[in-house]
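The structure under discussion appears below in the form of structure tokens.
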Amino acid sequence: MSTDCIFCKIVAGQIPANKVYEDDLVLAFHDIQPQAPVHVLVIPKKHLASVNDLHVNDSAVLSHIFTAVQQVAQSTGIAESGYRTVANTGKDAGQVVHHLHFHVMGGKSLGHLG
Ligand code: AMP
Ligand code: ZN
């Protein structure tokens, strides 16, 4: 745990979150400032700052993250209509919280990227 990390504090139960999914390795909760009708964040319970800090040994964490993404999409009703999964890394991507997180957004047409 990183003591000054807001998402570590959510994992530790020190600040509240509206949880959607949890298992031994990951946690999913609603974003506090949703950018879409469904906007959930999926995070590893262990502190990793960003995608840059993922290691080949973190394969279990990554597979749990994407299992959580699937579960969140199912339980929030966007699995069939579609959704976007995004991880911002660093300054140019506008990463604000330096604990790895995957945004899951859907419930409306999001427009095309790229
Ligand atoms: P990013 O720009 O990818 O670092 O996004 C960080 C996200 O975390 C933003 O969408 C914030 O609204 C969200 N966020 C920050 N603090 C909290 C919190 N306490 N609970 C839920 N979501 C949060
Ligand atoms: Zn953290």
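By convention here, the chains of the structure tokens are called A, B, ... in the order presented, each chain's residues are numbered starting at 1, and ligands are numbered starting at 1 in the order presented.
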
All residues within 6 Å of ligand 1 are required, counting only C-alpha atoms and all ligand atoms; please report them as number ranges by chain. A: 17, 30-33, 88, 94-97

Same residues, N, CA and C atoms, saved as a short mmCIF file (atom, residue, chain, number, x, y, z; two decimals), in the first residue's frame:
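Result file is result-v5.cif:
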data_model
loop_
_atom_site.label_atom_id
_atom_site.label_comp_id
_atom_site.auth_asym_id
_atom_site.auth_seq_id
_atom_site.Cartn_x
_atom_site.Cartn_y
_atom_site.Cartn_z
N ALA A 17 -16.27 3.83 -1.37
CA ALA A 17 -16.46 3.75 -2.82
C ALA A 17 -17.72 2.93 -3.08
N HIS A 30 -17.67 2.64 -8.96
CA HIS A 30 -18.13 3.70 -9.84
C HIS A 30 -17.22 4.93 -9.73
N ASP A 31 -16.91 5.53 -10.88
CA ASP A 31 -16.13 6.77 -10.91
C ASP A 31 -16.94 7.88 -10.24
N ILE A 32 -16.26 8.68 -9.45
CA ILE A 32 -16.93 9.74 -8.69
C ILE A 32 -17.40 10.89 -9.60
N GLN A 33 -16.79 11.02 -10.77
CA GLN A 33 -17.19 12.05 -11.74
C GLN A 33 -17.43 11.39 -13.09
N ASN A 88 -5.22 5.43 -18.82
CA ASN A 88 -4.37 6.59 -19.09
C ASN A 88 -3.02 6.39 -18.40
N GLY A 94 -3.05 12.49 -19.45
CA GLY A 94 -3.85 13.13 -18.42
C GLY A 94 -4.10 12.26 -17.20
N GLN A 95 -3.17 11.32 -16.92
CA GLN A 95 -3.35 10.48 -15.73
C GLN A 95 -3.27 11.34 -14.47
N VAL A 96 -4.32 11.27 -13.65
CA VAL A 96 -4.41 12.09 -12.44
C VAL A 96 -4.12 11.24 -11.20
N VAL A 97 -4.67 10.04 -11.18
CA VAL A 97 -4.48 9.14 -10.03
C VAL A 97 -3.42 8.12 -10.41
#

Give me, as a tab-separated table, the closest atom pair and its distance (Å, one decimal) for every residue of chain A within a cut-off of 10 Å of ligand 2, counting only C-alpha atoms and all ligand atoms, rows sorted by chain and rising number.
residue	atom	partner	partner_atom_place_in_ligand_line	distance
A:Met1	CA	ligand 2	1 (Zn)	6.0
A:Ser2	CA	ligand 2	1 (Zn)	5.2
A:Thr3	CA	ligand 2	1 (Zn)	7.7
A:Asp4	CA	ligand 2	1 (Zn)	7.7
A:Cys5	CA	ligand 2	1 (Zn)	4.6
A:Ile6	CA	ligand 2	1 (Zn)	6.5
A:Phe7	CA	ligand 2	1 (Zn)	5.0
A:Cys8	CA	ligand 2	1 (Zn)	3.9
A:Lys9	CA	ligand 2	1 (Zn)	7.4
A:Ile10	CA	ligand 2	1 (Zn)	8.8
A:Val11	CA	ligand 2	1 (Zn)	8.3
A:Ala12	CA	ligand 2	1 (Zn)	9.9
A:Ile43	CA	ligand 2	1 (Zn)	9.0
A:Pro44	CA	ligand 2	1 (Zn)	8.7
A:Lys45	CA	ligand 2	1 (Zn)	7.8
A:Lys46	CA	ligand 2	1 (Zn)	6.9
A:His47	CA	ligand 2	1 (Zn)	4.1
A:Leu48	CA	ligand 2	1 (Zn)	6.5
A:Ala49	CA	ligand 2	1 (Zn)	7.0
A:Ser50	CA	ligand 2	1 (Zn)	9.9
A:Val97	CA	ligand 2	1 (Zn)	8.5
A:His98	CA	ligand 2	1 (Zn)	7.0
A:His99	CA	ligand 2	1 (Zn)	4.5
A:Leu100	CA	ligand 2	1 (Zn)	7.7
A:His101	CA	ligand 2	1 (Zn)	9.8

Check which residues of range 65-113 of chain A sit at most 12 Å from range 23-27 of chain A using only C-alpha atoms, and return one row each with the closest pair of atoms and their distance in Å to one decimal, ordered by chain and rising number, as a Markdown table.
| residue | atom | partner | partner_atom | distance |
| --- | --- | --- | --- | --- |
| A:Ile65 | CA | A:Val26 | CA | 6.3 |
| A:Phe66 | CA | A:Val26 | CA | 9.8 |
| A:Thr67 | CA | A:Val26 | CA | 9.5 |
| A:Ala68 | CA | A:Val26 | CA | 7.5 |
| A:Val69 | CA | A:Leu27 | CA | 10.1 |
| A:Gln71 | CA | A:Asp23 | CA | 11.2 |
| A:Val72 | CA | A:Leu27 | CA | 10.5 |
| A:Leu100 | CA | A:Val26 | CA | 10.9 |
| A:His101 | CA | A:Leu27 | CA | 9.7 |
| A:Phe102 | CA | A:Leu27 | CA | 10.7 |

Next, dump the selected residues to file, keeping only N, CA, C and O atoms, as a PDB file, in the first residue's frame.
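The result, stored in part19.pdb:
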ATOM      1  N   ILE A  65      -8.208  -8.371 -13.879  1.00  0.00           N
ATOM      2  CA  ILE A  65      -8.736  -7.067 -14.287  1.00  0.00           C
ATOM      3  C   ILE A  65      -9.736  -7.248 -15.429  1.00  0.00           C
ATOM      4  O   ILE A  65     -10.833  -6.682 -15.400  1.00  0.00           O
ATOM      5  N   PHE A  66      -9.379  -8.051 -16.420  1.00  0.00           N
ATOM      6  CA  PHE A  66     -10.294  -8.162 -17.562  1.00  0.00           C
ATOM      7  C   PHE A  66     -11.484  -9.071 -17.262  1.00  0.00           C
ATOM      8  O   PHE A  66     -12.555  -8.886 -17.851  1.00  0.00           O
ATOM      9  N   THR A  67     -11.347  -9.992 -16.313  1.00  0.00           N
ATOM     10  CA  THR A  67     -12.533 -10.708 -15.818  1.00  0.00           C
ATOM     11  C   THR A  67     -13.462  -9.720 -15.130  1.00  0.00           C
ATOM     12  O   THR A  67     -14.687  -9.754 -15.319  1.00  0.00           O
ATOM     13  N   ALA A  68     -12.888  -8.808 -14.342  1.00  0.00           N
ATOM     14  CA  ALA A  68     -13.704  -7.780 -13.670  1.00  0.00           C
ATOM     15  C   ALA A  68     -14.385  -6.880 -14.691  1.00  0.00           C
ATOM     16  O   ALA A  68     -15.565  -6.540 -14.531  1.00  0.00           O
ATOM     17  N   VAL A  69     -13.664  -6.495 -15.750  1.00  0.00           N
ATOM     18  CA  VAL A  69     -14.270  -5.665 -16.803  1.00  0.00           C
ATOM     19  C   VAL A  69     -15.500  -6.373 -17.373  1.00  0.00           C
ATOM     20  O   VAL A  69     -16.572  -5.765 -17.529  1.00  0.00           O
ATOM     21  N   GLN A  71     -17.362  -8.709 -15.949  1.00  0.00           N
ATOM     22  CA  GLN A  71     -18.412  -8.783 -14.916  1.00  0.00           C
ATOM     23  C   GLN A  71     -19.121  -7.442 -14.766  1.00  0.00           C
ATOM     24  O   GLN A  71     -20.344  -7.374 -14.639  1.00  0.00           O
ATOM     25  N   VAL A  72     -18.332  -6.365 -14.766  1.00  0.00           N
ATOM     26  CA  VAL A  72     -18.900  -5.019 -14.650  1.00  0.00           C
ATOM     27  C   VAL A  72     -19.808  -4.726 -15.842  1.00  0.00           C
ATOM     28  O   VAL A  72     -20.917  -4.199 -15.691  1.00  0.00           O
ATOM     29  N   LEU A 100      -2.715   2.292 -10.935  1.00  0.00           N
ATOM     30  CA  LEU A 100      -3.242   1.737 -12.189  1.00  0.00           C
ATOM     31  C   LEU A 100      -4.754   1.543 -12.125  1.00  0.00           C
ATOM     32  O   LEU A 100      -5.277   0.985 -11.158  1.00  0.00           O
ATOM     33  N   HIS A 101      -5.443   2.035 -13.152  1.00  0.00           N
ATOM     34  CA  HIS A 101      -6.900   1.838 -13.212  1.00  0.00           C
ATOM     35  C   HIS A 101      -7.344   1.792 -14.659  1.00  0.00           C
ATOM     36  O   HIS A 101      -6.780   2.467 -15.518  1.00  0.00           O
ATOM     37  N   PHE A 102      -8.365   0.990 -14.891  1.00  0.00           N
ATOM     38  CA  PHE A 102      -8.970   0.858 -16.211  1.00  0.00           C
ATOM     39  C   PHE A 102     -10.363   1.445 -16.147  1.00  0.00           C
ATOM     40  O   PHE A 102     -11.211   0.967 -15.387  1.00  0.00           O
TER      41      PHE A 102
END

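Computed from the coordinates, the CA of Ile78 in chain A to CA of Val42 in chain A distance equals 15.3 Å.
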
Exercise: Gly111 in chain A partners within 12 Å, only C-alpha atoms, chain neighbours under 2 positions left out, as JSON, numbers by chain: {"A": [36, 82, 83, 84, 105, 106, 108, 109, 113, 114]}

Among chain A, which residues carry a DSSP assignment of strand (DSSP E or B), reported as an MDAnalysis selection string? chainID A and resid 19:22 26:30 38:44 83:86 102:106

With a distance cut-off of 7 Å and only C-alpha atoms, select the neighbouring residues of Asn18 in chain A, excluding the residue or stretch itself and same-chain residues fewer than 2 positions from it, and output the selection as a compact mmCIF listing (two decimals) with C-alpha atoms, in the first residue's frame.
# COMPACT_ATOMS: atom_id res chain seq x y z
CA PRO A 16 -15.75 4.89 0.72
CA VAL A 20 -19.40 -3.08 -8.31
CA PHE A 29 -16.16 0.89 -8.26
CA HIS A 30 -18.13 3.70 -9.84

All helix (DSSP H, G or I) residues (DSSP, backbone) inside chain A, as number ranges by chain: A: 6-11, 51-53, 56-75, 91-93

Would you mind exporting the chosen residues as a compact mmCIF listing (two decimals), in the first residue's frame, restricted to N, CA and C atoms?
# COMPACT_ATOMS: atom_id res chain seq x y z
N ILE A 6 -4.96 7.54 -3.05
CA ILE A 6 -6.41 7.52 -2.79
C ILE A 6 -7.02 6.16 -3.12
N PHE A 7 -6.52 5.49 -4.16
CA PHE A 7 -7.10 4.19 -4.50
C PHE A 7 -6.65 3.10 -3.53
N CYS A 8 -5.42 3.20 -3.00
CA CYS A 8 -5.02 2.28 -1.93
C CYS A 8 -5.91 2.46 -0.71
N LYS A 9 -6.32 3.70 -0.44
CA LYS A 9 -7.21 3.95 0.70
C LYS A 9 -8.59 3.35 0.45
N ILE A 10 -9.04 3.35 -0.79
CA ILE A 10 -10.31 2.69 -1.11
C ILE A 10 -10.17 1.18 -0.90
N VAL A 11 -9.07 0.60 -1.37
CA VAL A 11 -8.84 -0.83 -1.18
C VAL A 11 -8.83 -1.18 0.31
N VAL A 51 0.44 1.48 -16.21
CA VAL A 51 0.79 0.39 -17.13
C VAL A 51 2.31 0.22 -17.20
N ASN A 52 3.05 1.33 -17.05
CA ASN A 52 4.51 1.25 -17.10
C ASN A 52 5.09 0.34 -16.02
N ASP A 53 4.36 0.14 -14.94
CA ASP A 53 4.87 -0.64 -13.81
C ASP A 53 4.44 -2.10 -13.83
N VAL A 56 5.93 -8.89 -16.14
CA VAL A 56 5.47 -10.17 -16.70
C VAL A 56 4.87 -11.07 -15.62
N ASN A 57 5.31 -10.92 -14.38
CA ASN A 57 4.75 -11.71 -13.27
C ASN A 57 3.36 -11.27 -12.86
N ASP A 58 2.87 -10.16 -13.42
CA ASP A 58 1.54 -9.65 -13.06
C ASP A 58 0.43 -10.21 -13.95
N SER A 59 0.68 -11.32 -14.61
CA SER A 59 -0.34 -11.85 -15.53
C SER A 59 -1.64 -12.19 -14.80
N ALA A 60 -1.55 -12.68 -13.55
CA ALA A 60 -2.79 -13.00 -12.81
C ALA A 60 -3.59 -11.72 -12.54
N VAL A 61 -2.89 -10.65 -12.19
CA VAL A 61 -3.57 -9.37 -11.95
C VAL A 61 -4.28 -8.92 -13.22
N LEU A 62 -3.60 -9.02 -14.35
CA LEU A 62 -4.21 -8.56 -15.61
C LEU A 62 -5.40 -9.41 -16.00
N SER A 63 -5.31 -10.71 -15.82
CA SER A 63 -6.45 -11.54 -16.20
C SER A 63 -7.62 -11.27 -15.27
N HIS A 64 -7.35 -11.02 -14.00
CA HIS A 64 -8.45 -10.67 -13.08
C HIS A 64 -9.05 -9.32 -13.45
N ILE A 65 -8.21 -8.37 -13.88
CA ILE A 65 -8.74 -7.07 -14.29
C ILE A 65 -9.74 -7.25 -15.43
N PHE A 66 -9.38 -8.05 -16.42
CA PHE A 66 -10.29 -8.16 -17.56
C PHE A 66 -11.48 -9.07 -17.26
N THR A 67 -11.35 -9.99 -16.31
CA THR A 67 -12.53 -10.71 -15.82
C THR A 67 -13.46 -9.72 -15.13
N ALA A 68 -12.89 -8.81 -14.34
CA ALA A 68 -13.70 -7.78 -13.67
C ALA A 68 -14.39 -6.88 -14.69
N VAL A 69 -13.66 -6.49 -15.75
CA VAL A 69 -14.27 -5.67 -16.80
C VAL A 69 -15.50 -6.37 -17.37
N GLN A 70 -15.36 -7.67 -17.66
CA GLN A 70 -16.50 -8.43 -18.19
C GLN A 70 -17.66 -8.47 -17.20
N GLN A 71 -17.36 -8.71 -15.95
CA GLN A 71 -18.41 -8.78 -14.92
C GLN A 71 -19.12 -7.44 -14.77
N VAL A 72 -18.33 -6.37 -14.77
CA VAL A 72 -18.90 -5.02 -14.65
C VAL A 72 -19.81 -4.73 -15.84
N ALA A 73 -19.34 -5.07 -17.04
CA ALA A 73 -20.14 -4.83 -18.24
C ALA A 73 -21.45 -5.60 -18.18
N GLN A 74 -21.40 -6.83 -17.70
CA GLN A 74 -22.62 -7.63 -17.56
C GLN A 74 -23.56 -7.02 -16.53
N SER A 75 -23.03 -6.71 -15.36
CA SER A 75 -23.91 -6.30 -14.26
C SER A 75 -24.46 -4.89 -14.46
N LYS A 91 1.57 11.95 -18.18
CA LYS A 91 1.18 13.34 -18.37
C LYS A 91 0.37 13.55 -19.64
N ASP A 92 0.87 13.06 -20.77
CA ASP A 92 0.19 13.35 -22.04
C ASP A 92 -1.18 12.68 -22.13
N ALA A 93 -1.38 11.62 -21.36
CA ALA A 93 -2.70 10.97 -21.33
C ALA A 93 -3.61 11.57 -20.27

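You can rank A:Ile15, A:Leu110, A:Val40, A:Ala28 by their closest distance to Ser81 in chain A using only C-alpha atoms, and at the top of that list sits A:Leu110.
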